[in-house]
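Before any comments, here is the structure.
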Amino acid sequence: MIVERREIALVDLLDRLLAGGVVITGDLTLRIADVDLVRIDLNALISSVNRDVPAPWGE
């Protein structure tokens, strides 16, 4: 099996990701001695904003 190796610039990768949008989700818990001290839930949508897709906040 032959795998083609392609290099892509970081700016091109970011352009592709922002054009389609990226959803990031995750959970982080800081625990000491089986006691939860801090819990962080992360839900983020990263995408480009243009006239067709306006910003979710008002102007």
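A note on labels: chains of the structure tokens are A, B, ... as shown, every chain counts residues from 1, and ligands are counted from 1 in their shown order.
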As a CSV table (one decimal) with N, CA and C atoms, in the first residue's frame, list the residues of chain A assigned to strand (DSSP E) by DSSP on the backbone atoms of this structure.
```csv
chain,number,residue,atom,x,y,z
A,22,VAL,N,-15.5,24.1,13.2
A,22,VAL,CA,-15.0,23.1,14.1
A,22,VAL,C,-15.7,23.2,15.4
A,23,VAL,N,-16.1,22.0,16.0
A,23,VAL,CA,-16.7,21.9,17.3
A,23,VAL,C,-15.7,21.3,18.2
A,24,ILE,N,-15.4,21.9,19.3
A,24,ILE,CA,-14.5,21.4,20.3
A,24,ILE,C,-15.3,21.2,21.6
A,25,THR,N,-15.2,20.0,22.2
A,25,THR,CA,-15.9,19.7,23.4
A,25,THR,C,-14.9,18.9,24.3
A,26,GLY,N,-15.1,19.1,25.6
A,26,GLY,CA,-14.2,18.4,26.5
A,26,GLY,C,-14.6,18.7,28.0
A,27,ASP,N,-14.1,17.9,28.9
A,27,ASP,CA,-14.3,18.0,30.3
A,27,ASP,C,-12.9,17.9,31.0
A,28,LEU,N,-12.8,18.8,32.0
A,28,LEU,CA,-11.5,18.8,32.8
A,28,LEU,C,-11.9,18.8,34.2
A,29,THR,N,-11.4,17.9,35.0
A,29,THR,CA,-11.7,17.8,36.4
A,29,THR,C,-10.4,17.8,37.2
A,30,LEU,N,-10.3,18.7,38.2
A,30,LEU,CA,-9.1,18.7,39.0
A,30,LEU,C,-9.5,18.0,40.3
A,31,ARG,N,-8.8,16.9,40.6
A,31,ARG,CA,-9.2,16.1,41.8
A,31,ARG,C,-8.0,15.8,42.6
A,32,ILE,N,-8.2,16.0,43.9
A,32,ILE,CA,-7.1,15.7,44.9
A,32,ILE,C,-7.7,14.7,45.9
A,35,VAL,N,-11.4,13.9,45.7
A,35,VAL,CA,-12.3,14.9,46.0
A,35,VAL,C,-12.2,15.9,44.8
A,36,ASP,N,-13.4,16.1,44.1
A,36,ASP,CA,-13.4,17.0,43.0
A,36,ASP,C,-13.3,18.4,43.4
A,37,LEU,N,-12.3,19.1,43.0
A,37,LEU,CA,-12.2,20.5,43.4
A,37,LEU,C,-12.7,21.5,42.3
A,38,VAL,N,-12.3,21.2,41.1
A,38,VAL,CA,-12.7,22.1,40.0
A,38,VAL,C,-13.1,21.3,38.8
A,39,ARG,N,-14.2,21.7,38.2
A,39,ARG,CA,-14.7,21.0,37.0
A,39,ARG,C,-15.0,22.0,35.9
A,40,ILE,N,-14.4,21.8,34.7
A,40,ILE,CA,-14.6,22.7,33.6
A,40,ILE,C,-15.1,21.9,32.4
A,41,ASP,N,-16.3,22.4,31.9
A,41,ASP,CA,-16.9,21.8,30.7
A,41,ASP,C,-16.6,22.8,29.6
A,42,LEU,N,-16.1,22.3,28.5
A,42,LEU,CA,-15.8,23.2,27.4
A,42,LEU,C,-16.6,22.7,26.2
A,43,ASN,N,-17.4,23.7,25.6
A,43,ASN,CA,-18.1,23.5,24.4
A,43,ASN,C,-17.9,24.8,23.5
A,44,ALA,N,-17.2,24.6,22.4
A,44,ALA,CA,-16.9,25.7,21.6
A,44,ALA,C,-17.1,25.4,20.1
A,45,LEU,N,-17.7,26.4,19.4
A,45,LEU,CA,-17.8,26.3,18.0
A,45,LEU,C,-17.0,27.4,17.4
A,46,ILE,N,-16.1,27.0,16.5
A,46,ILE,CA,-15.2,27.9,15.9
A,46,ILE,C,-15.4,27.9,14.4
```
- All alpha helix (DSSP H) positions in chain A, as a PyMOL selection string: chain A and resi 10-20
Would you mind exporting N, CA, C and O atoms of the selected residues as a PDB file, in the first residue's frame?
```pdb
ATOM      1  N   LEU A  10       0.103  25.795   7.637  1.00  0.00           N
ATOM      2  CA  LEU A  10      -0.809  25.992   8.755  1.00  0.00           C
ATOM      3  C   LEU A  10      -1.944  26.942   8.397  1.00  0.00           C
ATOM      4  O   LEU A  10      -3.094  26.710   8.765  1.00  0.00           O
ATOM      5  N   VAL A  11      -1.640  27.980   7.642  1.00  0.00           N
ATOM      6  CA  VAL A  11      -2.682  28.930   7.265  1.00  0.00           C
ATOM      7  C   VAL A  11      -3.723  28.274   6.361  1.00  0.00           C
ATOM      8  O   VAL A  11      -4.916  28.557   6.468  1.00  0.00           O
ATOM      9  N   ASP A  12      -3.314  27.363   5.491  1.00  0.00           N
ATOM     10  CA  ASP A  12      -4.263  26.640   4.642  1.00  0.00           C
ATOM     11  C   ASP A  12      -5.133  25.699   5.468  1.00  0.00           C
ATOM     12  O   ASP A  12      -6.328  25.571   5.217  1.00  0.00           O
ATOM     13  N   LEU A  13      -4.539  25.059   6.454  1.00  0.00           N
ATOM     14  CA  LEU A  13      -5.297  24.179   7.335  1.00  0.00           C
ATOM     15  C   LEU A  13      -6.334  24.971   8.123  1.00  0.00           C
ATOM     16  O   LEU A  13      -7.500  24.567   8.217  1.00  0.00           O
ATOM     17  N   LEU A  14      -5.956  26.117   8.671  1.00  0.00           N
ATOM     18  CA  LEU A  14      -6.896  26.955   9.401  1.00  0.00           C
ATOM     19  C   LEU A  14      -8.010  27.455   8.499  1.00  0.00           C
ATOM     20  O   LEU A  14      -9.174  27.511   8.909  1.00  0.00           O
ATOM     21  N   ASP A  15      -7.678  27.794   7.259  1.00  0.00           N
ATOM     22  CA  ASP A  15      -8.684  28.255   6.311  1.00  0.00           C
ATOM     23  C   ASP A  15      -9.711  27.160   6.046  1.00  0.00           C
ATOM     24  O   ASP A  15     -10.917  27.411   6.024  1.00  0.00           O
ATOM     25  N   ARG A  16      -9.260  25.939   5.866  1.00  0.00           N
ATOM     26  CA  ARG A  16     -10.177  24.823   5.630  1.00  0.00           C
ATOM     27  C   ARG A  16     -11.049  24.552   6.848  1.00  0.00           C
ATOM     28  O   ARG A  16     -12.245  24.291   6.728  1.00  0.00           O
ATOM     29  N   LEU A  17     -10.453  24.600   8.039  1.00  0.00           N
ATOM     30  CA  LEU A  17     -11.225  24.340   9.248  1.00  0.00           C
ATOM     31  C   LEU A  17     -12.269  25.413   9.496  1.00  0.00           C
ATOM     32  O   LEU A  17     -13.406  25.125   9.850  1.00  0.00           O
ATOM     33  N   LEU A  18     -11.907  26.675   9.300  1.00  0.00           N
ATOM     34  CA  LEU A  18     -12.836  27.769   9.543  1.00  0.00           C
ATOM     35  C   LEU A  18     -13.937  27.810   8.492  1.00  0.00           C
ATOM     36  O   LEU A  18     -15.058  28.226   8.779  1.00  0.00           O
ATOM     37  N   ALA A  19     -13.642  27.392   7.274  1.00  0.00           N
ATOM     38  CA  ALA A  19     -14.652  27.393   6.222  1.00  0.00           C
ATOM     39  C   ALA A  19     -15.778  26.409   6.557  1.00  0.00           C
ATOM     40  O   ALA A  19     -16.946  26.683   6.312  1.00  0.00           O
ATOM     41  N   GLY A  20     -15.443  25.284   7.138  1.00  0.00           N
ATOM     42  CA  GLY A  20     -16.453  24.288   7.479  1.00  0.00           C
ATOM     43  C   GLY A  20     -16.916  24.375   8.917  1.00  0.00           C
ATOM     44  O   GLY A  20     -18.004  23.949   9.255  1.00  0.00           O
TER      45      GLY A  20
END
```
